[in-house]
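Chemist: Below you'll find model.txt; it's compact mmCIF, C-alpha atoms and all ligand atoms.
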```txt
# COMPACT_ATOMS: atom_id res chain seq x y z
CA MET A 1 14.35 25.79 3.55
CA ILE A 2 16.29 22.91 5.06
CA VAL A 3 13.93 20.01 5.73
CA GLU A 4 14.68 17.53 8.49
CA PRO A 5 12.71 14.48 9.64
CA LYS A 6 10.26 15.10 12.46
CA VAL A 7 9.00 11.75 13.67
CA LYS A 8 5.94 11.66 15.88
CA GLY A 9 4.97 8.14 16.92
CA PHE A 10 4.45 6.09 13.77
CA LEU A 11 4.32 9.20 11.56
CA CYS A 12 6.92 11.51 10.11
CA VAL A 13 5.28 14.92 9.79
CA THR A 14 7.84 16.32 7.36
CA ALA A 15 8.90 15.09 3.92
CA HIS A 16 11.89 15.99 1.77
CA PRO A 17 10.98 17.00 -1.81
CA GLU A 18 14.27 16.01 -3.38
CA GLY A 19 14.49 12.77 -1.35
CA CYS A 20 10.96 11.73 -2.35
CA ALA A 21 11.80 12.52 -5.98
CA GLU A 22 14.95 10.39 -5.75
CA ASN A 23 12.91 7.54 -4.23
CA VAL A 24 10.52 7.67 -7.21
CA ARG A 25 13.42 7.81 -9.70
CA GLU A 26 14.98 4.74 -8.03
CA GLN A 27 11.72 2.82 -8.48
CA ILE A 28 11.40 3.92 -12.11
CA ALA A 29 14.99 2.80 -12.75
CA TYR A 30 14.24 -0.59 -11.20
CA VAL A 31 11.20 -1.14 -13.43
CA ARG A 32 13.04 0.03 -16.55
CA GLY A 33 15.96 -2.25 -15.69
CA LYS A 34 13.61 -5.23 -15.66
CA GLY A 35 12.61 -4.54 -19.28
CA GLU A 36 9.34 -4.02 -21.07
CA ILE A 37 6.31 -5.94 -19.82
CA LYS A 38 4.70 -7.37 -22.95
CA GLY A 39 0.95 -7.31 -23.45
CA GLY A 40 0.65 -4.96 -20.48
CA CYS A 41 -2.05 -2.44 -19.65
CA LYS A 42 -2.42 0.61 -21.90
CA SER A 43 -4.44 2.81 -19.58
CA ALA A 44 -4.50 2.34 -15.81
CA LEU A 45 -6.52 3.92 -13.03
CA ILE A 46 -4.70 3.67 -9.71
CA ILE A 47 -6.79 4.46 -6.64
CA GLY A 48 -4.29 5.25 -3.86
CA SER A 49 -1.45 6.03 -6.25
CA SER A 50 0.85 8.32 -4.26
CA THR A 51 2.71 6.02 -1.82
CA GLY A 52 3.38 2.35 -1.02
CA TYR A 53 1.86 -0.37 -3.18
CA GLY A 54 -0.26 2.05 -5.23
CA LEU A 55 2.71 4.19 -6.23
CA ALA A 56 4.64 1.04 -7.19
CA SER A 57 1.63 -0.03 -9.30
CA ARG A 58 1.51 3.30 -11.08
CA ILE A 59 5.25 3.25 -11.78
CA THR A 60 5.09 -0.32 -13.10
CA ALA A 61 2.06 0.44 -15.31
CA ALA A 62 3.74 3.53 -16.76
CA PHE A 63 7.39 2.56 -17.03
CA GLY A 64 7.00 -1.21 -17.40
CA CYS A 65 3.94 -1.30 -19.67
CA GLY A 66 4.08 2.19 -21.23
CA ALA A 67 0.56 2.91 -19.98
CA ALA A 68 -1.28 6.18 -19.55
CA THR A 69 -2.09 6.53 -15.84
CA ILE A 70 -4.79 8.29 -13.88
CA GLY A 71 -3.83 8.56 -10.22
CA VAL A 72 -6.18 9.20 -7.29
CA PHE A 73 -4.75 10.07 -3.87
CA PHE A 74 -5.26 12.25 -0.80
CA GLU A 75 -2.20 14.41 -0.16
CA ARG A 76 -1.31 17.76 1.38
CA PRO A 77 0.52 20.45 -0.61
CA GLY A 78 3.38 22.40 0.96
CA ASP A 79 2.81 25.69 2.76
CA ALA A 80 5.87 27.91 2.34
CA ALA A 81 4.39 30.70 4.49
CA ARG A 82 4.25 28.33 7.46
CA SER A 83 7.43 26.46 6.51
CA ARG A 84 5.38 23.30 6.23
CA PRO A 85 6.52 20.78 3.63
CA ALA A 86 3.98 18.86 1.57
CA SER A 87 3.22 15.22 2.38
CA ALA A 88 5.50 12.59 0.86
CA GLY A 89 2.80 11.41 -1.58
CA TRP A 90 2.52 14.94 -2.93
CA TYR A 91 6.24 15.06 -3.77
CA ASN A 92 6.16 11.48 -5.08
CA THR A 93 3.34 12.40 -7.45
CA ALA A 94 5.07 15.59 -8.60
CA GLU A 95 8.16 13.59 -9.57
CA PHE A 96 6.15 10.78 -11.13
CA THR A 97 4.32 13.36 -13.28
CA LYS A 98 7.57 15.00 -14.35
CA GLN A 99 9.12 11.66 -15.35
CA ALA A 100 5.98 10.37 -17.07
CA GLU A 101 5.63 13.55 -19.12
CA ALA A 102 9.32 13.45 -20.06
CA ALA A 103 8.73 9.89 -21.32
CA GLY A 104 5.70 11.03 -23.34
CA LEU A 105 3.23 9.14 -21.13
CA TYR A 106 -0.23 10.57 -20.44
CA CYS A 107 -0.73 11.23 -16.75
CA ALA A 108 -3.64 12.79 -14.81
CA ASN A 109 -3.78 13.38 -11.07
CA ILE A 110 -6.80 13.72 -8.81
CA ASN A 111 -6.15 14.82 -5.25
CA GLY A 112 -9.24 14.32 -3.11
CA ASP A 113 -11.37 11.87 -1.19
CA ALA A 114 -11.60 8.68 -3.27
CA PHE A 115 -14.58 7.50 -1.21
CA GLY A 116 -16.71 10.40 -2.44
CA ASP A 117 -18.78 10.62 -5.63
CA GLU A 118 -17.13 13.86 -6.75
CA VAL A 119 -13.65 12.34 -7.08
CA LYS A 120 -15.14 9.37 -8.95
CA LYS A 121 -16.71 11.83 -11.40
CA GLN A 122 -13.41 13.67 -11.82
CA ALA A 123 -11.61 10.40 -12.48
CA ILE A 124 -14.17 9.44 -15.13
CA GLU A 125 -13.68 12.82 -16.85
CA ALA A 126 -9.90 12.35 -16.78
CA ILE A 127 -10.26 8.86 -18.27
CA LYS A 128 -12.47 10.23 -21.07
CA LYS A 129 -9.75 12.76 -21.90
CA SER A 130 -6.97 10.13 -21.88
CA PRO A 131 -5.65 8.73 -25.19
CA LEU A 132 -7.70 5.48 -24.95
CA GLY A 133 -10.77 7.12 -23.40
CA LYS A 134 -11.13 3.97 -21.25
CA VAL A 135 -9.14 1.98 -18.69
CA ASP A 136 -7.92 -1.59 -19.01
CA LEU A 137 -6.49 -1.81 -15.48
CA ILE A 138 -8.02 -0.61 -12.19
CA VAL A 139 -5.82 -0.92 -9.10
CA TYR A 140 -7.49 -0.41 -5.73
CA SER A 141 -4.79 0.38 -3.16
CA LEU A 142 -6.37 2.61 -0.54
CA ALA A 143 -5.34 2.54 3.11
CA SER A 144 -7.35 4.99 5.15
CA PRO A 145 -8.29 5.40 8.80
CA ARG A 146 -11.73 6.84 7.96
CA ARG A 147 -14.39 7.02 5.28
CA THR A 148 -17.34 9.34 4.79
CA ASP A 149 -20.34 7.39 3.52
CA PRO A 150 -21.24 9.05 0.19
CA ASP A 151 -24.95 8.27 0.68
CA THR A 152 -25.48 9.26 4.31
CA GLY A 153 -22.54 11.55 5.12
CA GLU A 154 -21.79 9.34 8.14
CA VAL A 155 -18.10 9.10 9.04
CA TYR A 156 -16.77 5.58 9.69
CA LYS A 157 -13.49 5.08 11.55
CA SER A 158 -11.40 1.98 11.20
CA VAL A 159 -9.72 0.53 14.30
CA LEU A 160 -6.87 -1.93 14.68
CA LYS A 161 -8.27 -4.17 17.40
CA THR A 162 -8.87 -7.85 18.05
CA VAL A 163 -12.20 -9.59 17.58
CA GLY A 164 -13.37 -11.53 20.63
CA GLU A 165 -10.89 -11.14 23.47
CA GLU A 166 -8.20 -8.57 24.14
CA ARG A 167 -4.71 -9.76 23.40
CA LYS A 168 -1.38 -9.15 25.14
CA ASP A 169 1.50 -9.38 22.72
CA LYS A 170 5.09 -8.40 22.10
CA SER A 171 5.42 -5.23 20.07
CA LEU A 172 7.92 -2.58 19.15
CA ASP A 173 7.96 1.04 20.21
CA THR A 174 9.58 2.24 17.00
CA ASP A 175 10.14 5.74 18.42
CA LYS A 176 12.13 4.55 21.42
CA GLY A 177 13.56 1.37 19.90
CA GLN A 178 12.13 -0.71 22.74
CA VAL A 179 10.48 -4.11 22.76
CA VAL A 180 7.33 -3.69 24.81
CA GLU A 181 4.23 -5.63 25.73
CA VAL A 182 1.01 -4.17 24.38
CA THR A 183 -2.57 -5.00 25.17
CA VAL A 184 -4.66 -4.81 22.05
CA PRO A 185 -8.27 -4.34 23.13
CA ALA A 186 -11.22 -6.20 21.63
CA ALA A 187 -13.40 -4.19 19.27
CA THR A 188 -17.08 -3.54 19.83
CA GLU A 189 -19.62 -4.66 17.21
CA ARG A 190 -19.88 -1.04 16.05
CA GLU A 191 -16.10 -0.72 15.64
CA ILE A 192 -16.00 -3.92 13.60
CA PHE A 193 -18.82 -2.59 11.39
CA GLU A 194 -17.07 0.75 10.83
CA THR A 195 -13.70 -0.89 10.05
CA VAL A 196 -15.33 -3.13 7.44
CA LYS A 197 -17.15 -0.10 5.96
CA THR A 198 -13.81 1.76 5.71
CA MET A 199 -11.34 -0.88 4.54
CA GLY A 200 -13.73 -3.49 3.09
CA GLY A 201 -14.91 -3.95 -0.49
CA ASP A 202 -17.87 -1.57 -0.65
CA ASP A 203 -15.95 1.35 -2.14
CA TRP A 204 -13.99 -0.79 -4.65
CA GLU A 205 -17.30 -2.11 -5.96
CA ARG A 206 -18.72 1.43 -6.16
CA TRP A 207 -15.71 2.53 -8.21
CA VAL A 208 -16.05 -0.27 -10.74
CA LYS A 209 -19.82 0.22 -11.04
CA ALA A 210 -19.39 3.99 -11.53
CA LEU A 211 -16.76 3.40 -14.23
CA ASP A 212 -18.94 0.79 -15.90
CA ASP A 213 -22.01 3.05 -15.86
CA ALA A 214 -19.92 5.80 -17.46
CA GLY A 215 -18.77 3.42 -20.21
CA VAL A 216 -15.05 3.87 -19.51
CA ILE A 217 -14.11 0.24 -18.92
CA ALA A 218 -12.22 -1.33 -21.83
CA GLU A 219 -12.79 -4.89 -23.06
CA GLY A 220 -10.61 -7.30 -21.08
CA CYS A 221 -10.11 -4.85 -18.20
CA ALA A 222 -8.51 -6.27 -15.04
CA SER A 223 -9.07 -4.93 -11.54
CA VAL A 224 -6.92 -5.84 -8.56
CA ALA A 225 -7.12 -4.93 -4.87
CA TYR A 226 -4.37 -5.64 -2.36
CA SER A 227 -4.78 -7.73 0.75
CA TYR A 228 -2.61 -9.17 3.51
CA ILE A 229 -2.78 -12.44 5.41
CA GLY A 230 0.59 -13.00 7.12
CA PRO A 231 1.63 -15.73 9.56
CA GLU A 232 -0.34 -17.15 12.49
CA LEU A 233 1.90 -15.09 14.76
CA THR A 234 0.05 -11.92 13.72
CA TYR A 235 -3.41 -13.47 13.22
CA PRO A 236 -4.90 -12.14 16.49
CA ILE A 237 -4.17 -8.54 15.52
CA TYR A 238 -4.31 -8.83 11.74
CA ARG A 239 -6.08 -11.67 9.97
CA SER A 240 -8.51 -12.49 12.81
CA GLY A 241 -8.75 -8.88 13.95
CA THR A 242 -10.89 -5.99 12.73
CA ILE A 243 -8.64 -5.25 9.74
CA GLY A 244 -8.71 -8.94 8.75
CA LEU A 245 -12.51 -8.89 8.70
CA ALA A 246 -12.38 -5.84 6.44
CA LYS A 247 -9.93 -7.67 4.16
CA LYS A 248 -12.26 -10.69 4.01
CA ASP A 249 -15.03 -8.30 2.93
CA LEU A 250 -12.69 -6.89 0.25
CA GLU A 251 -11.92 -10.43 -0.91
CA ALA A 252 -15.65 -11.23 -1.14
CA ALA A 253 -16.20 -8.08 -3.25
CA ALA A 254 -13.65 -9.44 -5.76
CA ASP A 255 -16.14 -12.16 -6.76
CA ARG A 256 -18.94 -9.66 -7.41
CA ILE A 257 -16.65 -7.30 -9.34
CA ASP A 258 -15.26 -10.25 -11.29
CA ALA A 259 -18.80 -11.18 -12.38
CA LEU A 260 -19.35 -7.62 -13.57
CA LEU A 261 -16.05 -7.38 -15.46
CA LYS A 262 -16.55 -10.82 -17.04
CA LEU A 263 -19.33 -9.19 -19.10
CA ARG A 264 -16.49 -7.27 -20.75
CA ARG A 265 -14.19 -10.31 -20.93
CA GLY A 266 -12.33 -8.87 -17.96
CA LYS A 267 -11.53 -10.03 -14.44
CA ALA A 268 -11.18 -8.88 -10.84
CA PHE A 269 -8.94 -10.47 -8.28
CA ILE A 270 -7.14 -10.04 -4.99
CA SER A 271 -3.38 -10.02 -4.76
CA VAL A 272 -2.11 -10.95 -1.31
CA ASN A 273 1.09 -8.98 -0.84
CA LYS A 274 4.07 -9.15 1.48
CA ALA A 275 4.32 -7.24 4.78
CA LEU A 276 6.36 -4.10 4.18
CA VAL A 277 7.17 -0.81 5.84
CA THR A 278 4.64 1.72 4.56
CA GLN A 279 2.81 4.62 6.16
CA ALA A 280 -0.19 2.33 6.66
CA SER A 281 1.57 -0.72 8.12
CA SER A 282 3.70 1.17 10.62
CA ALA A 283 0.51 2.07 12.51
CA ILE A 284 -0.45 -1.55 13.23
CA PRO A 285 0.56 -2.93 16.66
CA VAL A 286 2.89 -5.99 16.67
CA VAL A 287 3.48 -5.71 12.87
CA PRO A 288 6.62 -3.48 13.02
CA LEU A 289 8.37 -6.07 15.24
CA TYR A 290 7.32 -8.89 12.92
CA VAL A 291 8.49 -6.88 9.88
CA SER A 292 11.88 -6.14 11.51
CA ILE A 293 12.46 -9.86 12.07
CA LEU A 294 11.09 -10.77 8.64
CA TYR A 295 13.43 -8.29 6.90
CA LYS A 296 16.43 -9.80 8.71
CA VAL A 297 15.48 -13.34 7.68
CA MET A 298 14.53 -12.52 4.08
CA LYS A 299 17.61 -10.33 3.51
CA GLU A 300 19.88 -13.09 4.83
CA LYS A 301 18.24 -15.55 2.44
CA GLY A 302 18.57 -13.04 -0.44
CA ILE A 303 14.81 -12.96 -1.09
CA HIS A 304 13.82 -9.58 0.36
CA GLU A 305 11.51 -7.46 -1.79
CA GLY A 306 10.06 -3.94 -1.43
CA CYS A 307 6.82 -2.58 -2.94
CA ILE A 308 8.33 -2.04 -6.38
CA GLU A 309 9.86 -5.54 -6.59
CA GLN A 310 6.54 -7.07 -5.47
CA ILE A 311 4.41 -5.20 -7.98
CA GLN A 312 6.85 -5.54 -10.88
CA ARG A 313 6.75 -9.31 -10.20
CA LEU A 314 2.93 -9.29 -10.07
CA PHE A 315 2.67 -7.53 -13.44
CA ALA A 316 5.51 -9.38 -15.17
CA THR A 317 4.86 -12.94 -13.97
CA GLN A 318 1.10 -13.04 -13.34
CA LEU A 319 -0.89 -10.32 -15.06
CA TYR A 320 0.98 -9.83 -18.34
CA ASN A 321 3.89 -11.12 -20.45
CA GLY A 322 1.64 -13.90 -21.75
CA ASN A 323 1.14 -15.39 -18.26
CA CYS A 324 -2.04 -16.53 -16.56
CA LEU A 325 -2.96 -15.65 -13.00
CA GLU A 326 -2.15 -18.46 -10.56
CA PHE A 327 -4.77 -18.69 -7.83
CA ASP A 328 -4.72 -20.26 -4.38
CA ASP A 329 -7.63 -22.43 -3.13
CA GLU A 330 -9.65 -19.29 -2.46
CA GLY A 331 -9.04 -17.65 -5.81
CA ARG A 332 -6.38 -15.16 -4.69
CA VAL A 333 -2.99 -14.41 -6.26
CA ARG A 334 -0.19 -14.89 -3.72
CA ILE A 335 2.87 -12.68 -4.13
CA ASP A 336 3.39 -13.17 -0.38
CA ASN A 337 4.70 -16.66 -1.26
CA LEU A 338 8.29 -15.89 -0.26
CA GLU A 339 7.25 -14.33 3.07
CA LEU A 340 5.19 -17.40 3.94
CA ARG A 341 7.78 -19.98 2.86
CA ASP A 342 8.22 -22.58 5.63
CA ASP A 343 11.93 -21.91 6.16
CA VAL A 344 11.30 -18.15 6.42
CA GLN A 345 8.47 -18.51 8.91
CA LYS A 346 10.38 -21.07 10.98
CA ALA A 347 13.30 -18.65 11.29
CA VAL A 348 10.97 -15.77 12.28
CA PHE A 349 9.20 -18.02 14.78
CA ASP A 350 12.53 -19.02 16.37
CA ILE A 351 13.64 -15.41 16.78
CA TRP A 352 10.30 -14.03 18.07
CA PRO A 353 10.47 -15.27 21.72
CA LYS A 354 14.13 -14.30 22.07
CA VAL A 355 13.85 -10.64 21.01
CA SER A 356 14.32 -7.98 23.66
CA THR A 357 15.29 -4.30 23.69
CA GLU A 358 18.90 -5.33 24.42
CA ASN A 359 19.31 -7.59 21.38
CA LEU A 360 16.90 -5.78 19.02
CA TYR A 361 19.60 -4.69 16.55
CA GLU A 362 21.31 -8.06 16.65
CA LEU A 363 18.31 -10.37 16.20
CA THR A 364 16.20 -8.17 13.94
CA ASP A 365 16.69 -5.71 11.09
CA PHE A 366 15.29 -2.79 13.09
CA ALA A 367 18.08 -0.65 11.58
CA GLY A 368 16.73 -1.54 8.11
CA TYR A 369 13.17 -0.90 9.29
CA LYS A 370 14.05 2.62 10.47
CA LYS A 371 15.93 3.34 7.24
CA GLU A 372 12.97 2.21 5.15
CA PHE A 373 10.57 4.21 7.28
CA LEU A 374 12.54 7.45 6.84
CA LYS A 375 12.94 6.73 3.12
CA LEU A 376 9.13 6.78 2.79
CA PHE A 377 9.41 10.48 3.62
CA GLY A 378 12.45 11.11 1.42
CA PHE A 379 15.14 10.95 4.09
CA GLY A 380 18.43 9.03 4.06
CA LEU A 381 18.77 8.68 0.29
CA PRO A 382 22.40 8.53 -0.83
CA ASN A 383 22.28 11.04 -3.71
CA VAL A 384 20.54 13.84 -1.83
CA ASP A 385 22.33 16.73 -0.14
CA TYR A 386 20.19 17.32 2.95
CA SER A 387 22.19 20.38 4.02
CA LYS A 388 20.95 22.30 0.95
CA ASP A 389 17.97 24.66 0.93
CA VAL A 390 15.04 23.19 -1.01
CA GLU A 391 11.82 24.61 -2.44
CA ILE A 392 8.93 23.03 -0.56
P1 LIG B 401 -0.04 3.64 1.94
O1 LIG B 401 -0.42 4.34 3.19
O2 LIG B 401 1.38 3.72 1.51
O3 LIG B 401 -0.92 4.19 0.70
C1 LIG B 401 -2.26 4.54 0.81
C2 LIG B 401 -2.71 5.33 -0.41
O4 LIG B 401 -4.12 5.63 -0.24
C3 LIG B 401 -2.02 6.68 -0.59
O5 LIG B 401 -1.85 6.94 -1.98
C4 LIG B 401 -3.05 7.69 -0.04
O6 LIG B 401 -2.96 9.00 -0.61
C5 LIG B 401 -4.33 7.01 -0.46
N1 LIG B 401 -5.51 7.43 0.30
C6 LIG B 401 -5.77 7.24 1.62
N2 LIG B 401 -6.98 7.73 1.93
C7 LIG B 401 -7.51 8.24 0.78
C8 LIG B 401 -8.73 8.86 0.45
N3 LIG B 401 -9.70 9.07 1.34
N4 LIG B 401 -8.89 9.27 -0.84
C9 LIG B 401 -7.94 9.10 -1.78
N5 LIG B 401 -6.78 8.47 -1.52
C10 LIG B 401 -6.57 8.06 -0.25
O7 LIG B 401 -0.53 2.15 2.11
P2 LIG B 401 -0.05 0.73 1.54
O8 LIG B 401 0.63 0.01 2.63
O9 LIG B 401 0.60 0.86 0.22
O10 LIG B 401 -1.47 0.01 1.38
C11 LIG B 401 -2.16 -0.08 0.16
C12 LIG B 401 -2.97 -1.37 0.17
O11 LIG B 401 -2.06 -2.48 0.23
C13 LIG B 401 -3.90 -1.48 1.39
O12 LIG B 401 -5.09 -2.09 1.01
C14 LIG B 401 -3.11 -2.44 2.30
O13 LIG B 401 -3.93 -3.16 3.19
C15 LIG B 401 -2.48 -3.35 1.27
N6 LIG B 401 -1.32 -4.12 1.76
C16 LIG B 401 -0.32 -3.50 2.46
C17 LIG B 401 0.72 -4.27 2.98
C18 LIG B 401 1.85 -3.63 3.78
O14 LIG B 401 2.56 -4.35 4.47
N7 LIG B 401 2.05 -2.34 3.69
C19 LIG B 401 0.78 -5.65 2.73
C20 LIG B 401 -0.22 -6.25 1.97
C21 LIG B 401 -1.28 -5.46 1.50
```
Will you turn the file into structure tokens for me?

Modeler:
Amino acid sequence: MIVEPKVKGFLCVTAHPEGCAENVREQIAYVRGKGEIKGGCKSALIIGSSTGYGLASRITAAFGCGAATIGVFFERPGDAARSRPASAGWYNTAEFTKQAEAAGLYCANINGDAFGDEVKKQAIEAIKKSPLGKVDLIVYSLASPRRTDPDTGEVYKSVLKTVGEERKDKSLDTDKGQVVEVTVPAATEREIFETVKTMGGDDWERWVKALDDAGVIAEGCASVAYSYIGPELTYPIYRSGTIGLAKKDLEAAADRIDALLKLRRGKAFISVNKALVTQASSAIPVVPLYVSILYKVMKEKGIHEGCIEQIQRLFATQLYNGNCLEFDDEGRVRIDNLELRDDVQKAVFDIWPKVSTENLYELTDFAGYKKEFLKLFGFGLPNVDYSKDVEI
């Protein structure tokens, strides 16, 4: 069938198989072009491996380090009878698998709920069957709106709200291309609790403990989870909001996991990454407007990076190649350093009050934002013929 983008709010409900495949091939080519990462991981478990930062981590581990990879994700297959394409992460994973196998790299995929015990068991079995039988890198890159508690069966929902008082702020209606004012409500105590349960560090710790109990953690194993801080401009909705509290919980879990991995001469740490267009970030109020301005500023300065550039840099200049991790005062690795550079933030801050619907395309890179957004779903790639029938 011919697949076209169908955007609903901050989601695109269709994905193009060939476009997603091309997107993955582009990322593989980038990593290969940067050369081999020496002393890299040999066997990596990526939790949240099908899109965004997790996919970039899997590609870098495989094609930069030559590692076997075990990927965990939650994606929907296509349904030809109902003319319903699969989700983008499904197509991304299919192409990753094809390319990894062609390169002779071991690759196992687990599609299911990473928060549950069953998927953890399946991952452990897949690790046991992998060439090393253990993992020396564990990447935790989940972004999920809900989590079922594996002990109680209770379903927690994460919310993107402020903590304390509601907040009126400038935002972007990405569907209509309009600058609007939004009121972000304050979360209740219960909503804060559920957001921390969903996006905090509890599940990361459970993963590492389960892997350790099963004896599949290699000596010197590293584990990294991704966080975001951003500028003061977005603090009320992000860093000081419900999601920020969950991230602080994730950051606190890093210390406990680090203590556990140290027993195997390993380490756990948080990498604070740059704000980028992904399926997860496009759902956050205020952030798409900030990202559109940020892209404009960083592209003009020649320092823009996407997920793959960020993660290739993390692996090549911090984790491996004979380097040591460089920590900030709170023990986190900061690959958001270019985003938070003073000159970048000053330029964003100057543009912010001036942006309106009328000058949106002039003062921001909203055009680039939209392009990136559609690319997440395999649309708008130069080497793809979208008029052709494709197998979904
Ligand atoms: P994303 O939406 O692109 O990817 C999320 C991944 O999680 C996908 O592979 C998805 O299949 C998987 N997933 C979701 N629920 C799952 C479940 N129940 N079971 C198994 N897999 C599940 O998101 P992203 O933006 O790449 O975010 C990944 C991490 O990076 C998050 O922790 C996020 O906070 C962090 N981060 C993102 C940004 C940004 O701007 N996008 C910046 C800094 C840090």

Chemist: Please build the interface table for chain A against ligand LIG 401 (chain B) with a cut-off of 7 Å, listing for each qualifying residue the nearest atom pair and the distance in Å to one decimal; count only C-alpha atoms and all ligand atoms, order rows by chain and increasing number, and write it as a Markdown table.

Modeler:
```
| residue | atom | partner | partner_atom | distance |
| --- | --- | --- | --- | --- |
| A:Ile47 | CA | B:LIG401 | N5 | 6.5 |
| A:Gly48 | CA | B:LIG401 | O5 | 3.5 |
| A:Ser49 | CA | B:LIG401 | O5 | 4.4 |
| A:Ser50 | CA | B:LIG401 | O5 | 3.8 |
| A:Thr51 | CA | B:LIG401 | O2 | 4.3 |
| A:Gly52 | CA | B:LIG401 | O9 | 3.4 |
| A:Tyr53 | CA | B:LIG401 | O9 | 3.8 |
| A:Gly54 | CA | B:LIG401 | O9 | 5.6 |
| A:Leu55 | CA | B:LIG401 | O5 | 6.8 |
| A:Val72 | CA | B:LIG401 | C9 | 5.8 |
| A:Phe73 | CA | B:LIG401 | N5 | 3.5 |
| A:Phe74 | CA | B:LIG401 | O6 | 4.0 |
| A:Glu75 | CA | B:LIG401 | O6 | 5.5 |
| A:Gly89 | CA | B:LIG401 | O6 | 6.3 |
| A:Asn111 | CA | B:LIG401 | C9 | 6.9 |
| A:Gly112 | CA | B:LIG401 | C9 | 5.5 |
| A:Asp113 | CA | B:LIG401 | N4 | 3.6 |
| A:Ala114 | CA | B:LIG401 | N4 | 3.7 |
| A:Phe115 | CA | B:LIG401 | N3 | 5.7 |
| A:Ser141 | CA | B:LIG401 | C12 | 4.2 |
| A:Leu142 | CA | B:LIG401 | O4 | 3.8 |
| A:Ala143 | CA | B:LIG401 | C1 | 4.3 |
| A:Ser144 | CA | B:LIG401 | N2 | 4.2 |
| A:Arg147 | CA | B:LIG401 | N3 | 6.5 |
| A:Ala225 | CA | B:LIG401 | O12 | 6.8 |
| A:Tyr226 | CA | B:LIG401 | C15 | 4.7 |
| A:Ser227 | CA | B:LIG401 | C21 | 4.2 |
| A:Tyr228 | CA | B:LIG401 | C20 | 4.1 |
| A:Val272 | CA | B:LIG401 | C20 | 6.0 |
| A:Asn273 | CA | B:LIG401 | C20 | 4.1 |
| A:Lys274 | CA | B:LIG401 | C19 | 5.0 |
| A:Ala275 | CA | B:LIG401 | O14 | 3.4 |
| A:Leu276 | CA | B:LIG401 | O14 | 3.8 |
| A:Val277 | CA | B:LIG401 | N7 | 5.8 |
| A:Thr278 | CA | B:LIG401 | O8 | 4.8 |
| A:Gln279 | CA | B:LIG401 | O1 | 4.4 |
| A:Ala280 | CA | B:LIG401 | O1 | 4.0 |
| A:Ser281 | CA | B:LIG401 | N7 | 4.7 |
```

Chemist: Point out the residue among A:Pro85, A:Trp352, A:Val159, A:Arg256 with the least atom-to-atom distance to Pro5 of chain A, counting all atoms listed in the file.

Modeler: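 Under the stated criterion, the closest residue is A:Pro85.
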
Chemist: Excluding Gln318 of chain A and residues on its chain fewer than 5 positions from it, collect all residues at most 10 Å away from it, counting only C-alpha atoms, and give them as a PyMOL selection string.

Modeler: chain A and resi 312-313+323-327+333-335

Chemist: Just want the 10 Å neighbourhood of Val31 of chain A, counted on all atoms listed in the file, with same-chain residues fewer than 4 positions away dropped. Output as a PyMOL selection string.

Modeler: chain A and resi 25-27+35-37+56+59-65+308-309+311-313

Chemist: If I take atom CA of Tyr386 of chain A and atom CA of Pro288 of chain A, how far is one from the other in Å, to one decimal?

Modeler: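 These two atoms are separated by 26.8 Å.
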
Chemist: Measuring between all atoms listed in the file, which one of A:Lys301, A:Arg76, A:Lys296, A:Lys388 shows the shortest distance to Ala367 of chain A?

Modeler: A:Lys296

Chemist: Using all atoms listed in the file, can you tell me which of A:Thr198, A:Thr234, A:Thr183, A:Gln122 comes closest to Val155 of chain A?

Modeler: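 When distances to Val155 of chain A are compared using all atoms listed in the file, the smallest one comes from A:Thr198.
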
Chemist: Please determine, counting all atoms listed in the file, which residue among A:Ile243, A:Val179, A:Ile237, A:Ala67 has the shortest atom-to-atom distance to Glu101 of chain A.

Modeler: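 Residue with the minimum atom-to-atom distance to Glu101 of chain A: A:Ala67.
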
Chemist: Which one of A:Asp169, A:Asp343, A:Asp149, A:Glu205 sits closest to Ala253 of chain A if you count all atoms listed in the file?

Modeler: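 Nearest candidate to Ala253 of chain A out of A:Asp169, A:Asp343, A:Asp149, A:Glu205: A:Glu205.
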
Chemist: For Gln99 of chain A, which residue among A:Leu250, A:Leu261, A:Gly306, A:Val24 is the nearest when counting only C-alpha atoms?

Modeler: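 Looking only at the distances to Gln99 of chain A, the closest residue turns out to be A:Val24.
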
Chemist: N, CA and C atoms are needed for segment 250-255 of chain A; please write them out as a PDB file, keeping the file's coordinate frame.

Modeler:
```pdb
ATOM      1  N   LEU A 250     -13.308  -7.321   1.523  1.00  0.00           N
ATOM      2  CA  LEU A 250     -12.690  -6.890   0.250  1.00  0.00           C
ATOM      3  C   LEU A 250     -12.550  -8.096  -0.680  1.00  0.00           C
ATOM      4  N   GLU A 251     -12.121  -9.223  -0.106  1.00  0.00           N
ATOM      5  CA  GLU A 251     -11.920 -10.430  -0.910  1.00  0.00           C
ATOM      6  C   GLU A 251     -13.264 -10.928  -1.472  1.00  0.00           C
ATOM      7  N   ALA A 252     -14.329 -10.797  -0.673  1.00  0.00           N
ATOM      8  CA  ALA A 252     -15.650 -11.230  -1.140  1.00  0.00           C
ATOM      9  C   ALA A 252     -16.135 -10.320  -2.284  1.00  0.00           C
ATOM     10  N   ALA A 253     -15.788  -9.025  -2.192  1.00  0.00           N
ATOM     11  CA  ALA A 253     -16.200  -8.080  -3.250  1.00  0.00           C
ATOM     12  C   ALA A 253     -15.548  -8.446  -4.581  1.00  0.00           C
ATOM     13  N   ALA A 254     -14.357  -9.065  -4.517  1.00  0.00           N
ATOM     14  CA  ALA A 254     -13.650  -9.440  -5.760  1.00  0.00           C
ATOM     15  C   ALA A 254     -14.534 -10.339  -6.621  1.00  0.00           C
ATOM     16  N   ASP A 255     -15.282 -11.243  -5.985  1.00  0.00           N
ATOM     17  CA  ASP A 255     -16.140 -12.160  -6.760  1.00  0.00           C
ATOM     18  C   ASP A 255     -17.246 -11.393  -7.479  1.00  0.00           C
TER      19      ASP A 255
END
```
